[in-house]
>>> print(open('upload.cif').read())   # mmCIF, C-alpha atoms and all ligand atoms
data_final
loop_
_atom_site.group_PDB
_atom_site.id
_atom_site.type_symbol
_atom_site.label_atom_id
_atom_site.label_comp_id
_atom_site.auth_asym_id
_atom_site.auth_seq_id
_atom_site.Cartn_x
_atom_site.Cartn_y
_atom_site.Cartn_z
ATOM 1 C CA MET A 23 18.865 19.344 5.576
ATOM 2 C CA ARG A 24 16.173 21.686 4.231
ATOM 3 C CA ARG A 25 12.608 21.732 5.542
ATOM 4 C CA THR A 26 9.222 22.637 4.061
ATOM 5 C CA PRO A 27 5.749 21.988 5.496
ATOM 6 C CA ALA A 28 4.573 20.544 2.155
ATOM 7 C CA LEU A 29 6.661 19.285 -0.757
ATOM 8 C CA ILE A 30 5.225 18.749 -4.236
ATOM 9 C CA VAL A 31 7.357 16.549 -6.479
ATOM 10 C CA GLY A 32 6.577 17.334 -10.127
ATOM 11 C CA GLY A 33 5.284 20.444 -11.871
ATOM 12 C CA GLY A 34 2.885 18.810 -14.336
ATOM 13 C CA LEU A 35 -0.896 19.037 -14.089
ATOM 14 C CA ALA A 36 -1.256 17.204 -10.769
ATOM 15 C CA GLY A 37 1.613 19.114 -9.170
ATOM 16 C CA THR A 38 0.487 22.557 -10.295
ATOM 17 C CA ALA A 39 -3.159 21.845 -9.374
ATOM 18 C CA THR A 40 -1.979 20.827 -5.897
ATOM 19 C CA ALA A 41 0.167 23.951 -5.649
ATOM 20 C CA ILE A 42 -2.756 26.192 -6.627
ATOM 21 C CA GLY A 43 -4.906 24.553 -3.934
ATOM 22 C CA LEU A 44 -2.251 24.931 -1.228
ATOM 23 C CA ALA A 45 -1.433 28.507 -2.241
ATOM 24 C CA ARG A 46 -5.092 29.479 -2.135
ATOM 25 C CA ALA A 47 -5.420 27.929 1.319
ATOM 26 C CA GLY A 48 -2.412 29.950 2.452
ATOM 27 C CA LEU A 49 -0.428 26.804 3.288
ATOM 28 C CA PRO A 50 3.336 27.118 2.825
ATOM 29 C CA HIS A 51 4.775 24.652 0.345
ATOM 30 C CA LEU A 52 7.505 24.080 -2.228
ATOM 31 C CA LEU A 53 7.236 22.612 -5.719
ATOM 32 C CA VAL A 54 10.250 20.945 -7.321
ATOM 33 C CA GLU A 55 10.331 20.053 -11.008
ATOM 34 C CA ARG A 56 13.160 18.201 -12.697
ATOM 35 C CA SER A 57 12.919 19.900 -16.108
ATOM 36 C CA ARG A 58 14.402 23.366 -16.533
ATOM 37 C CA GLU A 59 12.002 24.299 -19.340
ATOM 38 C CA THR A 60 8.357 23.422 -19.860
ATOM 39 C CA GLY A 61 8.194 20.795 -22.576
ATOM 40 C CA ASP A 62 5.297 19.525 -24.657
ATOM 41 C CA ALA A 63 4.310 16.200 -23.101
ATOM 42 C CA ILE A 64 2.759 13.483 -25.240
ATOM 43 C CA CYS A 65 -0.951 14.047 -24.783
ATOM 44 C CA GLY A 66 -4.130 14.310 -26.823
ATOM 45 C CA GLY A 67 -4.589 17.813 -25.437
ATOM 46 C CA PHE A 68 -8.368 17.416 -25.456
ATOM 47 C CA LEU A 69 -9.995 19.121 -22.477
ATOM 48 C CA SER A 70 -13.576 18.023 -22.017
ATOM 49 C CA TRP A 71 -16.214 20.309 -20.537
ATOM 50 C CA ARG A 72 -15.754 18.489 -17.231
ATOM 51 C CA THR A 73 -12.016 19.143 -17.296
ATOM 52 C CA LEU A 74 -12.680 22.795 -18.161
ATOM 53 C CA GLU A 75 -14.981 23.010 -15.144
ATOM 54 C CA THR A 76 -12.215 21.640 -12.912
ATOM 55 C CA LEU A 77 -9.684 24.033 -14.437
ATOM 56 C CA GLY A 78 -12.147 26.905 -13.975
ATOM 57 C CA GLY A 79 -12.279 26.021 -10.279
ATOM 58 C CA LEU A 80 -8.492 26.417 -10.239
ATOM 59 C CA GLY A 81 -8.763 29.862 -11.820
ATOM 60 C CA ILE A 82 -7.722 28.803 -15.325
ATOM 61 C CA ASP A 83 -9.585 30.642 -18.082
ATOM 62 C CA PRO A 84 -10.172 28.345 -21.113
ATOM 63 C CA ASP A 85 -9.623 31.320 -23.431
ATOM 64 C CA ALA A 86 -6.058 31.585 -22.107
ATOM 65 C CA LEU A 87 -5.543 28.051 -23.433
ATOM 66 C CA ASN A 88 -7.311 28.339 -26.768
ATOM 67 C CA PRO A 89 -10.065 30.805 -27.683
ATOM 68 C CA GLU A 90 -11.439 28.286 -30.218
ATOM 69 C CA ARG A 91 -13.863 25.572 -29.100
ATOM 70 C CA VAL A 92 -14.305 21.959 -30.145
ATOM 71 C CA THR A 93 -18.014 21.343 -30.589
ATOM 72 C CA ARG A 94 -18.233 18.201 -32.726
ATOM 73 C CA ALA A 95 -16.757 14.696 -32.717
ATOM 74 C CA ARG A 96 -16.269 12.530 -35.783
ATOM 75 C CA ILE A 97 -15.733 8.879 -34.976
ATOM 76 C CA PHE A 98 -14.232 6.391 -37.424
ATOM 77 C CA ALA A 99 -14.183 2.618 -36.886
ATOM 78 C CA GLY A 100 -13.228 0.479 -39.867
ATOM 79 C CA ASN A 101 -15.600 1.490 -42.663
ATOM 80 C CA ARG A 102 -18.084 3.049 -40.295
ATOM 81 C CA ARG A 103 -18.265 6.720 -39.510
ATOM 82 C CA ALA A 104 -20.454 8.789 -37.202
ATOM 83 C CA GLU A 105 -20.589 12.460 -36.325
ATOM 84 C CA ALA A 106 -22.238 14.149 -33.372
ATOM 85 C CA ALA A 107 -22.279 17.441 -31.531
ATOM 86 C CA LEU A 108 -20.540 17.340 -28.151
ATOM 87 C CA PRO A 109 -22.867 17.922 -25.174
ATOM 88 C CA HIS A 110 -20.831 21.025 -24.288
ATOM 89 C CA PRO A 111 -17.872 22.822 -25.895
ATOM 90 C CA ALA A 112 -14.387 21.436 -25.272
ATOM 91 C CA VAL A 113 -10.882 22.796 -25.865
ATOM 92 C CA SER A 114 -7.855 21.447 -27.718
ATOM 93 C CA VAL A 115 -4.518 22.740 -26.432
ATOM 94 C CA THR A 116 -0.834 21.839 -26.508
ATOM 95 C CA ARG A 117 0.579 20.544 -23.260
ATOM 96 C CA HIS A 118 3.216 23.226 -23.509
ATOM 97 C CA ARG A 119 0.541 25.917 -23.251
ATOM 98 C CA LEU A 120 -1.512 24.107 -20.605
ATOM 99 C CA ASP A 121 1.471 23.349 -18.359
ATOM 100 C CA THR A 122 2.810 26.894 -18.805
ATOM 101 C CA VAL A 123 -0.519 28.493 -17.852
ATOM 102 C CA MET A 124 -0.998 26.186 -14.840
ATOM 103 C CA LEU A 125 2.506 26.784 -13.506
ATOM 104 C CA ALA A 126 2.190 30.540 -14.042
ATOM 105 C CA GLU A 127 -1.057 30.570 -12.042
ATOM 106 C CA ALA A 128 0.587 28.655 -9.183
ATOM 107 C CA GLU A 129 3.525 31.077 -9.172
ATOM 108 C CA ARG A 130 1.187 34.080 -9.329
ATOM 109 C CA LEU A 131 -0.491 32.782 -6.171
ATOM 110 C CA GLY A 132 2.880 32.509 -4.454
ATOM 111 C CA THR A 133 4.085 28.942 -5.043
ATOM 112 C CA PRO A 134 7.879 28.791 -4.840
ATOM 113 C CA VAL A 135 9.031 26.701 -7.809
ATOM 114 C CA GLU A 136 12.490 25.180 -8.087
ATOM 115 C CA ARG A 137 13.287 23.887 -11.571
ATOM 116 C CA GLY A 138 16.052 21.534 -12.589
ATOM 117 C CA VAL A 139 15.566 19.722 -9.266
ATOM 118 C CA THR A 140 15.155 15.944 -9.441
ATOM 119 C CA VAL A 141 13.993 13.871 -6.497
ATOM 120 C CA ARG A 142 15.945 10.616 -6.546
ATOM 121 C CA GLU A 143 14.512 8.865 -3.518
ATOM 122 C CA ILE A 144 11.730 9.247 -0.987
ATOM 123 C CA ASP A 145 12.101 7.900 2.500
ATOM 124 C CA GLY A 146 8.916 8.419 4.479
ATOM 125 C CA THR A 147 8.484 12.180 4.422
ATOM 126 C CA SER A 148 11.939 13.166 3.306
ATOM 127 C CA ALA A 149 13.131 13.477 -0.253
ATOM 128 C CA ARG A 150 16.707 13.043 -1.419
ATOM 129 C CA LEU A 151 17.608 15.195 -4.407
ATOM 130 C CA ALA A 152 19.997 14.408 -7.251
ATOM 131 C CA ASP A 153 22.574 16.809 -5.787
ATOM 132 C CA GLY A 154 22.537 14.886 -2.484
ATOM 133 C CA THR A 155 20.481 17.465 -0.544
ATOM 134 C CA THR A 156 17.602 16.176 1.581
ATOM 135 C CA ILE A 157 14.303 18.011 2.002
ATOM 136 C CA ALA A 158 12.264 17.003 5.046
ATOM 137 C CA THR A 159 8.547 17.704 4.959
ATOM 138 C CA ASP A 160 5.336 17.095 6.893
ATOM 139 C CA ALA A 161 3.319 16.344 3.750
ATOM 140 C CA LEU A 162 4.693 14.963 0.520
ATOM 141 C CA PHE A 163 2.685 15.123 -2.711
ATOM 142 C CA LEU A 164 4.117 12.763 -5.315
ATOM 143 C CA ALA A 165 3.060 14.225 -8.674
ATOM 144 C CA SER A 166 5.737 12.754 -10.913
ATOM 145 C CA GLY A 167 3.248 11.260 -13.392
ATOM 146 C CA LYS A 168 4.372 8.012 -14.953
ATOM 147 C CA HIS A 169 7.883 8.433 -13.557
ATOM 148 C CA ASP A 170 8.473 6.306 -10.498
ATOM 149 C CA VAL A 171 10.628 7.582 -7.665
ATOM 150 C CA ARG A 172 12.624 5.105 -5.599
ATOM 151 C CA GLY A 173 11.006 4.480 -2.239
ATOM 152 C CA MET A 174 7.519 5.208 -3.605
ATOM 153 C CA ALA A 175 7.538 3.241 -6.838
ATOM 154 C CA ARG A 176 4.395 1.538 -8.086
ATOM 155 C CA PRO A 177 4.313 -2.251 -7.788
ATOM 156 C CA GLU A 178 6.040 -4.159 -10.598
ATOM 157 C CA ASP A 179 2.744 -5.430 -12.017
ATOM 158 C CA ALA A 180 0.939 -2.042 -11.902
ATOM 159 C CA ARG A 181 1.215 -1.565 -15.677
ATOM 160 C CA GLY A 182 -0.427 -4.890 -16.388
ATOM 161 C CA ALA A 183 0.698 -7.478 -18.900
ATOM 162 C CA ASP A 184 -0.153 -5.376 -21.947
ATOM 163 C CA PRO A 185 0.506 -1.690 -21.176
ATOM 164 C CA THR A 186 -0.842 1.165 -23.272
ATOM 165 C CA LEU A 187 1.733 3.268 -25.097
ATOM 166 C CA GLY A 188 1.341 6.851 -26.304
ATOM 167 C CA ILE A 189 2.569 8.082 -29.691
ATOM 168 C CA ARG A 190 2.180 11.629 -30.955
ATOM 169 C CA VAL A 191 2.750 13.346 -34.297
ATOM 170 C CA ARG A 192 2.369 17.078 -34.740
ATOM 171 C CA ILE A 193 1.145 18.068 -38.207
ATOM 172 C CA ALA A 194 2.224 21.433 -39.615
ATOM 173 C CA PRO A 195 -0.462 24.079 -40.172
ATOM 174 C CA SER A 196 -2.176 24.216 -43.564
ATOM 175 C CA PRO A 197 -5.436 25.775 -44.808
ATOM 176 C CA ALA A 198 -6.739 22.314 -45.812
ATOM 177 C CA LEU A 199 -6.089 20.931 -42.330
ATOM 178 C CA SER A 200 -7.749 23.910 -40.656
ATOM 179 C CA LYS A 201 -10.794 23.488 -42.875
ATOM 180 C CA ALA A 202 -11.032 19.723 -42.310
ATOM 181 C CA LEU A 203 -10.715 19.934 -38.528
ATOM 182 C CA ALA A 204 -12.354 23.294 -37.751
ATOM 183 C CA GLY A 205 -14.348 23.002 -34.532
ATOM 184 C CA GLY A 206 -14.085 19.229 -34.422
ATOM 185 C CA ILE A 207 -12.096 16.306 -33.094
ATOM 186 C CA GLU A 208 -11.613 13.056 -34.988
ATOM 187 C CA LEU A 209 -11.426 9.770 -33.116
ATOM 188 C CA HIS A 210 -10.160 6.755 -35.037
ATOM 189 C CA LEU A 211 -10.924 3.505 -33.233
ATOM 190 C CA PHE A 212 -9.042 0.305 -33.972
ATOM 191 C CA ASP A 213 -8.206 -2.993 -32.355
ATOM 192 C CA ARG A 214 -6.588 -2.291 -28.938
ATOM 193 C CA GLY A 215 -6.244 1.430 -29.420
ATOM 194 C CA TYR A 216 -7.446 4.717 -30.791
ATOM 195 C CA ALA A 217 -6.075 7.904 -32.277
ATOM 196 C CA GLY A 218 -7.359 11.429 -31.737
ATOM 197 C CA LEU A 219 -6.784 14.288 -34.174
ATOM 198 C CA ALA A 220 -7.525 17.935 -33.412
ATOM 199 C CA MET A 221 -6.253 21.434 -34.152
ATOM 200 C CA GLN A 222 -4.470 23.154 -31.288
ATOM 201 C CA GLU A 223 -3.979 26.788 -30.304
ATOM 202 C CA ASP A 224 -0.679 27.097 -32.189
ATOM 203 C CA GLY A 225 -2.293 26.138 -35.521
ATOM 204 C CA THR A 226 -0.775 22.649 -35.652
ATOM 205 C CA ALA A 227 -2.842 19.478 -35.542
ATOM 206 C CA ASN A 228 -2.109 16.966 -32.811
ATOM 207 C CA LEU A 229 -2.377 13.321 -33.827
ATOM 208 C CA CYS A 230 -2.116 11.275 -30.667
ATOM 209 C CA MET A 231 -2.461 7.536 -30.416
ATOM 210 C CA ALA A 232 -2.965 5.307 -27.388
ATOM 211 C CA VAL A 233 -2.301 1.693 -28.278
ATOM 212 C CA HIS A 234 -1.650 -1.508 -26.396
ATOM 213 C CA ARG A 235 1.880 -2.824 -26.775
ATOM 214 C CA SER A 236 0.617 -6.164 -28.112
ATOM 215 C CA ARG A 237 -1.064 -4.364 -31.029
ATOM 216 C CA LEU A 238 2.123 -2.515 -31.952
ATOM 217 C CA GLN A 239 4.062 -5.768 -31.789
ATOM 218 C CA ALA A 240 1.471 -7.475 -34.004
ATOM 219 C CA ALA A 241 1.837 -4.666 -36.574
ATOM 220 C CA GLY A 242 5.567 -5.417 -36.749
ATOM 221 C CA SER A 243 8.408 -3.056 -37.449
ATOM 222 C CA PRO A 244 8.887 -1.414 -40.878
ATOM 223 C CA ALA A 245 12.587 -2.167 -40.388
ATOM 224 C CA GLN A 246 11.941 -5.928 -40.392
HETATM 225 C C1 LIG A 301 -1.084 9.251 -25.105
HETATM 226 C C2 LIG A 301 -1.826 10.051 -24.052
HETATM 227 C C3 LIG A 301 -2.868 10.889 -24.419
HETATM 228 C C4 LIG A 301 -3.553 11.625 -23.445
HETATM 229 N N1 LIG A 301 -4.553 12.459 -23.846
HETATM 230 C C5 LIG A 301 -5.224 13.191 -22.932
HETATM 231 C C6 LIG A 301 -6.239 14.096 -23.346
HETATM 232 O O1 LIG A 301 -6.518 14.250 -24.541
HETATM 233 N N2 LIG A 301 -6.901 14.803 -22.390
HETATM 234 C C7 LIG A 301 -6.596 14.661 -21.050
HETATM 235 O O2 LIG A 301 -7.248 15.336 -20.224
HETATM 236 N N3 LIG A 301 -5.619 13.826 -20.635
HETATM 237 C C8 LIG A 301 -4.929 13.087 -21.543
HETATM 238 N N4 LIG A 301 -3.929 12.249 -21.139
HETATM 239 C C9 LIG A 301 -3.648 12.128 -19.707
HETATM 240 C C10 LIG A 301 -2.750 13.268 -19.203
HETATM 241 O O3 LIG A 301 -1.627 13.405 -20.041
HETATM 242 C C11 LIG A 301 -2.320 12.917 -17.768
HETATM 243 O O4 LIG A 301 -3.475 12.717 -16.984
HETATM 244 C C12 LIG A 301 -1.499 14.021 -17.125
HETATM 245 O O5 LIG A 301 -0.358 14.329 -17.866
HETATM 246 C C13 LIG A 301 -1.094 13.572 -15.738
HETATM 247 O O6 LIG A 301 -0.502 14.679 -15.091
HETATM 248 P P1 LIG A 301 0.601 14.462 -13.984
HETATM 249 O O7 LIG A 301 0.862 15.795 -13.382
HETATM 250 O O8 LIG A 301 0.200 13.328 -13.098
HETATM 251 O O9 LIG A 301 1.892 13.945 -14.776
HETATM 252 P P2 LIG A 301 2.799 14.746 -15.809
HETATM 253 O O10 LIG A 301 2.002 15.724 -16.569
HETATM 254 O O11 LIG A 301 3.590 13.709 -16.535
HETATM 255 O O12 LIG A 301 3.786 15.579 -14.875
HETATM 256 C C14 LIG A 301 4.768 14.951 -14.095
HETATM 257 C C15 LIG A 301 5.864 15.980 -13.850
HETATM 258 O O13 LIG A 301 6.741 15.476 -12.853
HETATM 259 C C16 LIG A 301 8.083 15.745 -13.244
HETATM 260 N N5 LIG A 301 8.912 14.731 -12.605
HETATM 261 C C17 LIG A 301 8.932 13.394 -12.873
HETATM 262 N N6 LIG A 301 9.789 12.769 -12.051
HETATM 263 C C18 LIG A 301 10.330 13.725 -11.244
HETATM 264 C C19 LIG A 301 11.292 13.684 -10.190
HETATM 265 N N7 LIG A 301 11.855 12.528 -9.809
HETATM 266 N N8 LIG A 301 11.630 14.848 -9.579
HETATM 267 C C20 LIG A 301 11.060 16.023 -9.960
HETATM 268 N N9 LIG A 301 10.136 16.117 -10.963
HETATM 269 C C21 LIG A 301 9.776 14.981 -11.587
HETATM 270 C C22 LIG A 301 8.061 15.621 -14.766
HETATM 271 O O14 LIG A 301 9.145 16.310 -15.370
HETATM 272 C C23 LIG A 301 6.705 16.248 -15.095
HETATM 273 O O15 LIG A 301 6.801 17.643 -15.310
HETATM 274 C C24 LIG A 301 -3.207 11.508 -22.077
HETATM 275 C C25 LIG A 301 -2.147 10.677 -21.703
HETATM 276 C C26 LIG A 301 -1.458 9.966 -22.680
HETATM 277 C C27 LIG A 301 -0.307 9.075 -22.262
#
>>> encode(input="upload.cif", output="structure tokens")
Amino acid sequence: MRRTPALIVGGGLAGTATAIGLARAGLPHLLVERSRETGDAICGGFLSWRTLETLGGLGIDPDALNPERVTRARIFAGNRRAEAALPHPAVSVTRHRLDTVMLAEAERLGTPVERGVTVREIDGTSARLADGTTIATDALFLASGKHDVRGMARPEDARGADPTLGIRVRIAPSPALSKALAGGIELHLFDRGYAGLAMQEDGTANLCMAVHRSRLQAAGSPAQ
């Protein structure tokens, strides 16, 4: 059996933020992440000024994410449309870049990161890995996002009767797109959901939709 004073399960935003905090405090810890490579999670990628403040506190420079700023919001609802300046500049960034920068900062501060390591089950303060190894710890930080881990799973009804689903489409760069979205984010509001559209640091536009399952079901399938 292995031992670590603090075990962080998951190397997404919560896990890396926790690692940065522990590393700065000089507390020994270990972060395990099941993926071998940093992916590009489904996300709107919109970082508000409040989020940027939090990231700044963790030592993350917004310019390392995207030197461009989002300063305006255009909101569409049915036939109505409104546009306004944001109270403070925001940033639009791919999750690949954000997760990469966060993990790199944790590692720079000394966080040991083990990738390709999946926690299968948690029993009190010990974690059983997919390869059968057990890691015992004094403090366990479960940062596996929406993925439940046996032994610490959310209650059955935690998602509610009509959960929200995320759908994302990445739109290839084009001069017309850059012109239409420069410095702004579009929010399209509709019954039981909304979609956000913004340019990201890699020149693509991220169209991300959060919609209740009942609304998707009501829309039907194009295959039907
Ligand atoms: C559609 C949608 C749009 C969103 N848009 C925005 C937005 O515009 N702005 C914003 O600020 N937030 C947005 N969010 C919210 C944001 O994505 C989440 O708050 C954030 O991803 C949560 O971070 P996390 O670290 O908890 O989980 P995650 O980022 O999901 O990280 C969890 C990590 O744990 C790892 N993991 C899972 N299970 C295990 C295991 N058993 N063992 C080891 N590792 C494991 C995963 O591989 C992953 O790397 C959006 C969310 C959705 C769904």
>>> resolve_selection(input="upload.cif", expression="the PyMOL selection byres (((chain A and resi 220) around 12) and not hetatm)", output="JSON, numbers by chain")
{"A": [65, 66, 67, 68, 69, 90, 91, 92, 93, 94, 95, 96, 112, 113, 114, 115, 116, 190, 191, 192, 193, 195, 199, 200, 201, 202, 203, 204, 205, 206, 207, 208, 209, 210, 217, 218, 219, 221, 222, 223, 224, 225, 226, 227, 228, 229, 230, 231]}
>>> closest_atom_pairs(input="upload.cif", of="chain A", to="ligand LIG 301 (chain A)", cutoff="7 Å", atoms="only C-alpha atoms and all ligand atoms", output="JSON lines")
{"residue": "A:Val31", "atom": "CA", "partner": "A:LIG301", "partner_atom": "C20", "distance": 5.1}
{"residue": "A:Gly32", "atom": "CA", "partner": "A:LIG301", "partner_atom": "O13", "distance": 3.3}
{"residue": "A:Gly33", "atom": "CA", "partner": "A:LIG301", "partner_atom": "O15", "distance": 4.7}
{"residue": "A:Gly34", "atom": "CA", "partner": "A:LIG301", "partner_atom": "O12", "distance": 3.4}
{"residue": "A:Leu35", "atom": "CA", "partner": "A:LIG301", "partner_atom": "O7", "distance": 3.8}
{"residue": "A:Ala36", "atom": "CA", "partner": "A:LIG301", "partner_atom": "O7", "distance": 3.6}
{"residue": "A:Gly37", "atom": "CA", "partner": "A:LIG301", "partner_atom": "O7", "distance": 5.4}
{"residue": "A:Val54", "atom": "CA", "partner": "A:LIG301", "partner_atom": "C20", "distance": 5.6}
{"residue": "A:Glu55", "atom": "CA", "partner": "A:LIG301", "partner_atom": "N9", "distance": 3.9}
{"residue": "A:Arg56", "atom": "CA", "partner": "A:LIG301", "partner_atom": "N9", "distance": 4.1}
{"residue": "A:Ser57", "atom": "CA", "partner": "A:LIG301", "partner_atom": "O14", "distance": 5.3}
{"residue": "A:Ala63", "atom": "CA", "partner": "A:LIG301", "partner_atom": "O10", "distance": 6.9}
{"residue": "A:Ile64", "atom": "CA", "partner": "A:LIG301", "partner_atom": "C1", "distance": 5.7}
{"residue": "A:Cys65", "atom": "CA", "partner": "A:LIG301", "partner_atom": "C3", "distance": 3.7}
{"residue": "A:Gly66", "atom": "CA", "partner": "A:LIG301", "partner_atom": "O1", "distance": 3.3}
{"residue": "A:Gly67", "atom": "CA", "partner": "A:LIG301", "partner_atom": "O1", "distance": 4.1}
{"residue": "A:Phe68", "atom": "CA", "partner": "A:LIG301", "partner_atom": "O1", "distance": 3.8}
{"residue": "A:Leu69", "atom": "CA", "partner": "A:LIG301", "partner_atom": "O2", "distance": 5.2}
{"residue": "A:Thr73", "atom": "CA", "partner": "A:LIG301", "partner_atom": "O2", "distance": 6.8}
{"residue": "A:Val139", "atom": "CA", "partner": "A:LIG301", "partner_atom": "C20", "distance": 5.9}
{"residue": "A:Thr140", "atom": "CA", "partner": "A:LIG301", "partner_atom": "N8", "distance": 3.7}
{"residue": "A:Val141", "atom": "CA", "partner": "A:LIG301", "partner_atom": "N8", "distance": 4.0}
{"residue": "A:Arg142", "atom": "CA", "partner": "A:LIG301", "partner_atom": "N7", "distance": 5.6}
{"residue": "A:Ala165", "atom": "CA", "partner": "A:LIG301", "partner_atom": "O8", "distance": 5.3}
{"residue": "A:Ser166", "atom": "CA", "partner": "A:LIG301", "partner_atom": "O13", "distance": 3.5}
{"residue": "A:Gly167", "atom": "CA", "partner": "A:LIG301", "partner_atom": "O9", "distance": 3.3}
{"residue": "A:Lys168", "atom": "CA", "partner": "A:LIG301", "partner_atom": "O11", "distance": 6.0}
{"residue": "A:His169", "atom": "CA", "partner": "A:LIG301", "partner_atom": "N6", "distance": 5.0}
{"residue": "A:Asp170", "atom": "CA", "partner": "A:LIG301", "partner_atom": "N6", "distance": 6.8}
{"residue": "A:Val171", "atom": "CA", "partner": "A:LIG301", "partner_atom": "N7", "distance": 5.5}
{"residue": "A:Leu187", "atom": "CA", "partner": "A:LIG301", "partner_atom": "C1", "distance": 6.6}
{"residue": "A:Gly188", "atom": "CA", "partner": "A:LIG301", "partner_atom": "C1", "distance": 3.6}
{"residue": "A:Ile189", "atom": "CA", "partner": "A:LIG301", "partner_atom": "C1", "distance": 6.0}
{"residue": "A:Cys230", "atom": "CA", "partner": "A:LIG301", "partner_atom": "C1", "distance": 6.0}
{"residue": "A:Met231", "atom": "CA", "partner": "A:LIG301", "partner_atom": "C1", "distance": 5.7}
{"residue": "A:Ala232", "atom": "CA", "partner": "A:LIG301", "partner_atom": "C1", "distance": 4.9}
>>> atom_distance(input="upload.cif", atom1="atom CA of A:Ala158", atom2="atom CA of A:Pro177")
24.5 Å
>>> residues_around(input="upload.cif", residues="A:Thr156", least_positions_apart="3", cutoff="9 Å", atoms="all atoms listed in the file", output="list in words")
Met23, Arg24, Arg25, Ser148, Ala149, Arg150, Leu151 and Asp153 of chain A
>>> atom_distance(input="upload.cif", atom1="atom CA of A:Gly81", atom2="atom CA of A:Leu29")
21.7 Å
>>> axis_aligned_box(input="upload.cif", around="stretch 193-207 of chain A", padding_each_side="8 Å", output="lines of an AutoDock Vina configuration file")
center_x = -6.1
center_y = 21.0
center_z = -39.5
size_x = 32.6
size_y = 25.5
size_z = 28.7
>>> atom_distance(input="upload.cif", atom1="atom CA of A:Asp62", atom2="atom CA of A:Ala126")
15.6 Å
>>> closest_residue(input="upload.cif", among="A:Leu211, A:Ala28, A:Ala240, A:Ala41", to="A:Gly100", atoms="all atoms listed in the file")
A:Leu211
>>> closest_residue(input="upload.cif", among="A:Ser243, A:Ser236, A:Thr133, A:Thr155", to="A:Leu53", atoms="only C-alpha atoms")
A:Thr133
